[in-house]
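Data file: entry-v6.tsv. Format and content: TSV, C-alpha atoms.
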chain	number	residue	atom	x	y	z
A	1	MET	CA	-7.20	-5.46	-8.86
A	2	GLY	CA	-10.30	-6.19	-10.88
A	3	GLY	CA	-12.47	-6.10	-7.78
A	4	VAL	CA	-12.67	-4.10	-4.58
A	5	GLY	CA	-12.41	-5.83	-1.24
A	6	GLY	CA	-14.81	-5.43	1.63
A	7	ASN	CA	-14.89	-2.05	3.37
A	8	LEU	CA	-16.56	-1.74	6.75
A	9	ARG	CA	-16.98	2.03	6.47
A	10	LYS	CA	-20.45	3.36	5.82
A	11	LYS	CA	-21.06	5.15	2.55
A	12	ILE	CA	-20.06	8.82	2.74
A	13	THR	CA	-22.90	11.11	1.70
A	14	LEU	CA	-23.60	14.84	1.77
A	15	ASN	CA	-25.20	14.29	5.16
A	16	THR	CA	-21.92	12.79	6.39
A	17	ILE	CA	-20.04	15.86	5.17
A	18	ARG	CA	-22.55	18.20	6.84
A	19	THR	CA	-22.25	16.26	10.10
A	20	LEU	CA	-18.45	16.50	10.06
A	21	TYR	CA	-18.74	20.22	9.36
A	22	LYS	CA	-21.16	20.81	12.24
A	23	LYS	CA	-18.90	18.85	14.61
A	24	GLY	CA	-15.89	20.87	13.52
A	25	GLU	CA	-14.07	17.74	12.37
A	26	PRO	CA	-11.79	18.43	9.38
A	27	ILE	CA	-12.98	16.95	6.09
A	28	THR	CA	-10.45	15.02	4.00
A	29	MET	CA	-10.44	15.25	0.23
A	30	LEU	CA	-7.90	13.78	-2.19
A	31	THR	CA	-7.72	13.53	-5.95
A	32	ALA	CA	-7.77	10.27	-7.89
A	33	HIS	CA	-7.58	9.67	-11.62
A	34	ASP	CA	-7.88	5.91	-12.16
A	35	PHE	CA	-8.88	2.64	-10.50
A	36	PRO	CA	-5.71	2.16	-8.35
A	37	SER	CA	-5.63	5.76	-7.09
A	38	GLY	CA	-9.36	5.70	-6.35
A	39	HIS	CA	-9.01	2.35	-4.62
A	40	VAL	CA	-6.25	3.43	-2.25
A	41	ALA	CA	-7.90	6.76	-1.42
A	42	ASP	CA	-11.12	4.98	-0.51
A	43	ALA	CA	-9.32	2.25	1.47
A	44	ALA	CA	-7.38	4.91	3.40
A	45	GLY	CA	-10.63	6.48	4.61
A	46	ILE	CA	-10.67	9.69	2.53
A	47	GLU	CA	-14.15	11.19	2.72
A	48	ILE	CA	-14.29	12.98	-0.65
A	49	VAL	CA	-12.48	11.66	-3.70
A	50	LEU	CA	-12.12	14.33	-6.38
A	51	VAL	CA	-11.58	13.34	-9.98
A	52	GLY	CA	-9.88	16.66	-10.60
A	53	ASP	CA	-8.90	18.18	-13.91
A	54	SER	CA	-5.36	18.21	-12.53
A	55	LEU	CA	-5.26	14.74	-14.10
A	56	ALA	CA	-4.63	16.57	-17.36
A	57	MET	CA	-1.08	17.15	-16.13
A	58	VAL	CA	-0.39	14.34	-13.67
A	59	ALA	CA	-2.06	11.50	-15.61
A	60	MET	CA	-2.09	12.69	-19.23
A	61	GLY	CA	1.08	14.76	-19.47
A	62	MET	CA	-0.66	17.93	-20.68
A	63	GLU	CA	0.69	21.42	-20.12
A	64	ASP	CA	-2.25	22.61	-18.00
A	65	THR	CA	-5.82	21.79	-17.05
A	66	SER	CA	-7.37	23.72	-19.92
A	67	GLU	CA	-6.47	20.98	-22.42
A	68	VAL	CA	-8.51	18.11	-20.98
A	69	LEU	CA	-11.86	17.33	-22.62
A	70	LEU	CA	-15.16	16.36	-21.02
A	71	GLU	CA	-15.04	12.94	-22.72
A	72	GLU	CA	-11.63	12.32	-21.19
A	73	MET	CA	-12.85	13.35	-17.75
A	74	LEU	CA	-15.77	10.93	-18.10
A	75	LEU	CA	-13.38	8.03	-18.71
A	76	HIS	CA	-11.38	8.84	-15.59
A	77	CYS	CA	-14.52	9.36	-13.52
A	78	ARG	CA	-15.79	5.91	-14.44
A	79	SER	CA	-12.46	4.32	-13.52
A	80	VAL	CA	-12.41	5.97	-10.09
A	81	SER	CA	-16.07	5.22	-9.41
A	82	ARG	CA	-15.46	1.49	-9.88
A	83	ALA	CA	-12.91	1.60	-7.08
A	84	ALA	CA	-14.08	4.16	-4.51
A	85	LYS	CA	-17.15	2.42	-3.18
A	86	THR	CA	-17.60	4.31	0.08
A	87	SER	CA	-16.17	7.78	-0.60
A	88	LEU	CA	-18.22	10.67	-1.93
A	89	ILE	CA	-16.93	11.10	-5.50
A	90	ILE	CA	-16.89	14.50	-7.18
A	91	GLY	CA	-16.07	15.00	-10.85
A	92	ASP	CA	-14.51	18.20	-12.18
A	93	LEU	CA	-16.20	20.03	-15.03
A	94	PRO	CA	-13.33	20.84	-17.40
A	95	MET	CA	-12.86	24.19	-19.09
A	96	GLY	CA	-15.17	24.70	-22.04
A	97	CYS	CA	-18.11	22.57	-20.96
A	98	TYR	CA	-19.94	24.92	-18.58
A	99	GLU	CA	-19.04	28.58	-19.13
A	100	ILE	CA	-21.27	29.45	-22.11
A	101	ALA	CA	-24.61	29.20	-20.33
A	102	PRO	CA	-26.20	27.53	-17.30
A	103	GLU	CA	-28.02	25.17	-19.68
A	104	GLN	CA	-24.72	23.99	-21.14
A	105	ALA	CA	-23.36	23.48	-17.64
A	106	LEU	CA	-26.37	21.45	-16.57
A	107	GLU	CA	-26.09	19.26	-19.65
A	108	SER	CA	-22.43	18.61	-18.89
A	109	ALA	CA	-23.13	17.96	-15.20
A	110	ILE	CA	-25.80	15.41	-16.10
A	111	ARG	CA	-23.31	13.58	-18.30
A	112	VAL	CA	-20.72	13.52	-15.51
A	113	ILE	CA	-23.28	12.04	-13.10
A	114	LYS	CA	-24.84	9.54	-15.53
A	115	GLU	CA	-21.81	8.52	-17.57
A	116	GLY	CA	-19.06	9.25	-15.06
A	117	ARG	CA	-20.96	7.52	-12.22
A	118	VAL	CA	-19.97	10.16	-9.64
A	119	HIS	CA	-22.07	11.85	-6.96
A	120	GLY	CA	-21.52	15.52	-7.69
A	121	VAL	CA	-19.57	18.00	-9.80
A	122	LYS	CA	-17.02	20.73	-9.17
A	123	LEU	CA	-16.72	23.95	-11.13
A	124	GLU	CA	-14.57	27.04	-10.86
A	125	GLY	CA	-15.81	30.60	-10.38
A	126	GLY	CA	-17.59	32.88	-7.94
A	127	ILE	CA	-20.37	35.45	-8.35
A	128	GLU	CA	-20.41	35.08	-12.13
A	129	MET	CA	-21.04	31.32	-11.81
A	130	ALA	CA	-23.80	31.60	-9.19
A	131	PRO	CA	-26.64	31.27	-11.76
A	132	THR	CA	-24.91	28.20	-13.19
A	133	ILE	CA	-24.51	26.62	-9.75
A	134	LYS	CA	-28.17	27.31	-9.00
A	135	LYS	CA	-29.22	25.75	-12.30
A	136	ILE	CA	-27.29	22.56	-11.55
A	137	THR	CA	-28.27	22.24	-7.89
A	138	THR	CA	-31.94	22.92	-8.70
A	139	ALA	CA	-31.76	19.87	-10.94
A	140	GLY	CA	-30.67	17.80	-7.94
A	141	ILE	CA	-26.94	17.59	-8.64
A	142	PRO	CA	-24.58	18.51	-5.78
A	143	VAL	CA	-22.02	21.19	-6.65
A	144	LEU	CA	-18.63	21.77	-5.05
A	145	ALA	CA	-17.53	25.31	-5.88
A	146	HIS	CA	-13.94	26.50	-6.35
A	147	ILE	CA	-12.83	30.07	-5.61
A	148	GLY	CA	-9.62	31.94	-4.89
A	149	LEU	CA	-7.02	30.78	-7.39
A	150	THR	CA	-8.95	29.12	-10.21
A	151	PRO	CA	-6.39	27.26	-12.38
A	152	GLN	CA	-8.61	27.09	-15.46
A	153	ARG	CA	-8.43	30.91	-15.51
A	154	GLN	CA	-4.72	31.23	-14.85
A	155	ASN	CA	-4.18	33.26	-18.01
A	156	ALA	CA	-6.67	35.90	-16.88
A	157	LEU	CA	-5.16	35.89	-13.38
A	158	GLY	CA	-1.62	36.39	-14.65
A	159	GLY	CA	-0.52	32.86	-13.77
A	160	PHE	CA	-0.68	30.80	-10.61
A	161	ARG	CA	-0.73	33.65	-8.11
A	162	VAL	CA	-1.92	33.84	-4.52
A	163	GLN	CA	-5.32	35.50	-4.33
A	164	GLY	CA	-6.77	37.73	-1.59
A	165	LYS	CA	-3.50	39.34	-0.52
A	166	THR	CA	-5.15	42.77	-0.26
A	167	ALA	CA	-8.27	43.84	1.62
A	168	ALA	CA	-10.00	44.43	-1.71
A	169	GLY	CA	-8.93	41.03	-3.02
A	170	ALA	CA	-10.07	39.31	0.17
A	171	THR	CA	-13.43	41.11	-0.03
A	172	LYS	CA	-13.89	39.84	-3.58
A	173	ILE	CA	-13.28	36.24	-2.45
A	174	LEU	CA	-15.77	36.67	0.41
A	175	GLU	CA	-18.36	38.01	-2.04
A	176	ASP	CA	-17.72	35.01	-4.29
A	177	ALA	CA	-18.07	32.64	-1.34
A	178	LEU	CA	-21.37	34.12	-0.20
A	179	ALA	CA	-22.71	34.05	-3.75
A	180	ILE	CA	-21.91	30.40	-4.40
A	181	GLN	CA	-23.28	29.49	-0.96
A	182	GLU	CA	-26.55	31.27	-1.77
A	183	ALA	CA	-26.64	29.49	-5.14
A	184	GLY	CA	-26.66	26.11	-3.41
A	185	ALA	CA	-23.09	24.81	-3.43
A	186	PHE	CA	-22.63	22.23	-0.66
A	187	ALA	CA	-19.02	23.31	-0.09
A	188	THR	CA	-16.25	25.28	-1.77
A	189	VAL	CA	-12.58	24.79	-2.47
A	190	LEU	CA	-10.46	27.77	-1.37
A	191	GLU	CA	-7.17	27.75	-3.26
A	192	ALA	CA	-4.02	29.79	-2.72
A	193	VAL	CA	-5.44	32.28	-0.22
A	194	PRO	CA	-3.59	33.63	2.86
A	195	ALA	CA	-4.39	31.46	5.86
A	196	GLU	CA	-5.82	34.33	7.90
A	197	ILE	CA	-8.18	35.36	5.09
A	198	ALA	CA	-9.32	31.77	4.49
A	199	ALA	CA	-10.05	31.30	8.21
A	200	LEU	CA	-12.10	34.50	8.37
A	201	ILE	CA	-14.07	33.58	5.25
A	202	THR	CA	-14.68	30.10	6.64
A	203	LYS	CA	-16.21	31.63	9.77
A	204	LYS	CA	-18.55	33.77	7.66
A	205	LEU	CA	-19.97	30.80	5.76
A	206	SER	CA	-22.47	28.11	6.66
A	207	ILE	CA	-20.96	25.60	4.22
A	208	PRO	CA	-17.56	23.87	4.48
A	209	THR	CA	-14.42	25.30	2.92
A	210	ILE	CA	-11.88	22.83	1.57
A	211	GLY	CA	-8.46	24.43	1.58
A	212	ILE	CA	-5.54	23.90	-0.77
A	213	GLY	CA	-2.81	26.36	0.05
A	214	ALA	CA	-5.21	28.19	2.36
A	215	GLY	CA	-4.08	27.20	5.86
A	216	ASN	CA	-5.58	24.92	8.50
A	217	GLY	CA	-8.45	27.24	9.40
A	218	CYS	CA	-10.55	25.79	6.59
A	219	SER	CA	-13.17	23.10	7.19
A	220	GLY	CA	-11.06	20.52	5.38
A	221	GLN	CA	-8.11	20.01	3.06
A	222	VAL	CA	-7.46	18.67	-0.44
A	223	LEU	CA	-4.24	17.70	-2.22
A	224	VAL	CA	-3.37	16.10	-5.54
A	225	GLN	CA	-2.59	12.46	-4.77
A	226	VAL	CA	0.37	12.24	-7.16
A	227	ASP	CA	1.94	15.25	-5.41
A	228	MET	CA	1.46	14.21	-1.80
A	229	THR	CA	2.57	10.59	-2.38
A	230	GLY	CA	5.73	11.74	-4.15
A	231	ASN	CA	4.95	9.94	-7.38
A	232	PHE	CA	7.08	12.18	-9.58
A	233	PRO	CA	10.75	12.43	-10.57
A	234	PRO	CA	13.29	14.48	-8.59
A	235	GLY	CA	13.45	18.13	-9.56
A	236	ARG	CA	9.83	18.53	-10.62
A	237	PHE	CA	8.22	21.74	-9.39
A	238	ILE	CA	5.61	21.35	-6.68
A	239	PRO	CA	3.62	24.18	-5.09
A	240	LYS	CA	4.65	25.53	-1.68
A	241	PHE	CA	1.52	24.14	-0.02
A	242	VAL	CA	2.25	20.51	-0.95
A	243	LYS	CA	3.58	18.24	1.78
A	244	LYS	CA	5.24	15.14	0.39
A	245	TYR	CA	4.04	12.29	2.59
A	246	GLY	CA	5.71	9.51	0.61
A	247	ASP	CA	8.22	8.74	-2.12
A	248	VAL	CA	6.34	6.50	-4.51
A	249	TRP	CA	8.62	7.42	-7.42
A	250	SER	CA	11.76	6.16	-5.65
A	251	GLU	CA	10.06	2.98	-4.44
A	252	SER	CA	8.75	2.27	-7.93
A	253	MET	CA	12.15	3.00	-9.47
A	254	LYS	CA	13.89	0.60	-7.09
A	255	ALA	CA	11.39	-2.16	-7.83
A	256	ILE	CA	11.54	-1.69	-11.61
A	257	GLU	CA	15.33	-1.53	-11.66
A	258	ALA	CA	15.53	-4.72	-9.59
A	259	TYR	CA	13.14	-6.44	-12.00
A	260	ARG	CA	15.20	-5.25	-14.96
A	261	ASP	CA	18.45	-6.52	-13.42
A	262	GLU	CA	17.03	-9.91	-12.41
A	263	THR	CA	15.53	-10.40	-15.84
A	264	LYS	CA	18.88	-9.61	-17.48
A	265	SER	CA	20.68	-12.06	-15.17
A	266	ARG	CA	17.93	-14.70	-15.44
A	267	ALA	CA	17.52	-14.62	-11.65
A	268	TYR	CA	13.86	-13.95	-12.39
A	269	PRO	CA	11.72	-15.91	-12.76
A	270	ALA	CA	12.96	-18.30	-10.07
A	271	PRO	CA	11.50	-21.83	-9.73
A	272	GLU	CA	8.88	-20.58	-7.24
A	273	HIS	CA	7.50	-18.29	-9.95
A	274	THR	CA	6.96	-21.06	-12.51
A	275	TYR	CA	4.41	-23.85	-12.99
A	276	PRO	CA	5.41	-27.53	-12.69
A	277	ILE	CA	4.95	-30.42	-15.11
A	278	SER	CA	5.44	-34.10	-14.31
A	279	LYS	CA	8.67	-35.72	-15.47
A	280	GLU	CA	6.67	-38.24	-17.46
A	281	GLU	CA	4.76	-35.60	-19.39
A	282	LEU	CA	7.94	-33.61	-19.99
A	283	ALA	CA	9.71	-36.71	-21.29
A	284	GLU	CA	6.77	-37.44	-23.60
A	285	PHE	CA	6.84	-33.91	-25.00
A	286	GLU	CA	10.59	-34.14	-25.54
A	287	ARG	CA	10.00	-37.42	-27.39
A	288	VAL	CA	7.44	-35.68	-29.59
A	289	LEU	CA	10.03	-33.02	-30.37
A	290	GLY	CA	12.54	-35.74	-31.30
A	291	TYR	CA	14.80	-35.39	-28.28
A	292	GLN	CA	16.20	-38.84	-27.42
A	293	ASP	CA	18.33	-39.86	-24.48
A	294	VAL	CA	21.71	-41.09	-25.68
Can you give me the file's structure in the form of structure tokens?
Amino acid sequence: MGGVGGNLRKKITLNTIRTLYKKGEPITMLTAHDFPSGHVADAAGIEIVLVGDSLAMVAMGMEDTSEVLLEEMLLHCRSVSRAAKTSLIIGDLPMGCYEIAPEQALESAIRVIKEGRVHGVKLEGGIEMAPTIKKITTAGIPVLAHIGLTPQRQNALGGFRVQGKTAAGATKILEDALAIQEAGAFATVLEAVPAEIAALITKKLSIPTIGIGAGNGCSGQVLVQVDMTGNFPPGRFIPKFVKKYGDVWSESMKAIEAYRDETKSRAYPAPEHTYPISKEELAEFERVLGYQDV
């Protein structure tokens, strides 16, 4: 897996995303956190690969996304970028590297582009982050916004709660959406918002909305790859909006258990898995070791 095979698809760019949006064709986005997950997402034809801070939990075993550091995100961004050669790759700005001031955010975004080798950045927040988004986009770095439920701010929101369930709450999300659009974001993630509200907000914008738990009226969808492929043990909590398209955990478990059993029984490796040596050379080596035919 050290290299990536040929891919006949043209490179996905912001212009590609805008064209899909204008045509009304849903935009696909999926997370990836390392070379294999980036490779398969790209090979499957996903348009936007997001190196999301959800990797803090699904790849690093952390309690929530607030723990992951910028340096750790950079490592994962580089791994994904080596694999996803045709997708548009977006790197998440983790909590703590962009909230203090627009200048801090721009510095972090530049690092993600230069060191992470991605094509744009994602950050959470609405009206209050508009100056930051403008600062980054003015410097020529594409920004994917993220409004509605913003996981980095779960403590302030009272946990992972659906947003926009009241007229006032929905109005606040619309105001956030218009503000980040005006600031120059090329698209926005809409998370955990009632489907009807997300569809209405989508119609009010001139940039794509990428839904996650926001219904099919958005301009596109995003899921965490580990969740949707079923690469987790039975009994683990998954959000209501996740559809499990595969069962990677069970397939991996079966393969590993079979390997374990065949190793214990010496069924593996079989002759077809070993390298040959001529009888003459083997006999000579045995002679060197002092083995003599009786």
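Rounded to one decimal, CA of Pro194 (chain A) and CA of Leu223 (chain A) lie 16.7 Å from each other.
Residue nearest Gln221 (chain A), chosen from A:Leu178, A:Met60, A:Val189, A:Ile147 and counting only C-alpha atoms: A:Val189.
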Check: How many Å lie between CA of Phe35 (chain A) and CA of Ser79 (chain A), rounded to one decimal?
Finding: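 These two atoms are separated by 5.0 Å.
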Note to self: So that I can see what lies close to Met228 (chain A), please list as a ChimeraX atom specification the residues with an atom at most 10 Å from it, counting all atoms listed in the file and leaving out residues fewer than 3 positions away in the same chain.
What the structure shows: /A:30,223-225,231-232,238,242-248
Margin query: Calculated over only C-alpha atoms, which of the candidates A:Val40, A:Met62, A:Ile133, A:Leu144 has the smallest distance to Gly91 (chain A)?
Written below: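 Selected residue with least distance to Gly91 (chain A): A:Leu144.
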Notebook entry, point to check: Near region 168-173 of chain A, counting only C-alpha atoms, which residues have an atom at most 12 Å away, once you skip same-chain residues fewer than 5 positions from it, shown as a PyMOL selection string?
Noted result: chain A and resi 125-128+146-150+162-163+178-180+188-202+204-205
Item checked: One-decimal distance in Å that lies between CA of Ala283 (chain A) and CA of Arg266 (chain A) ->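 Result for CA of Arg266 (chain A) versus CA of Ala283 (chain A): 24.2 Å, one decimal.
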Note to self: Could you list, as a ChimeraX atom specification, every residue within 12 Å of Lys203 (chain A), counting only C-alpha atoms and ignoring same-chain residues fewer than 6 positions away?
What the structure shows: /A:21,24,174,177-178,196-197,209,217-219
Next item on the list: Tell me which of A:Ala214, A:Leu93, A:Leu106, A:Met29 sits closest to Lys134 (chain A), counting all atoms listed in the file.
Entry: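 Answer, going by the shortest atom-to-atom distance: A:Leu106.
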Notebook entry, point to check: Got a sec: who's within 9 Å of Glu25 (chain A), counting only C-alpha atoms, leaving out chain neighbours fewer than 5 positions off, as a list in words?
Noted result: Thr19, Leu20, Ser219 and Gly220 of chain A
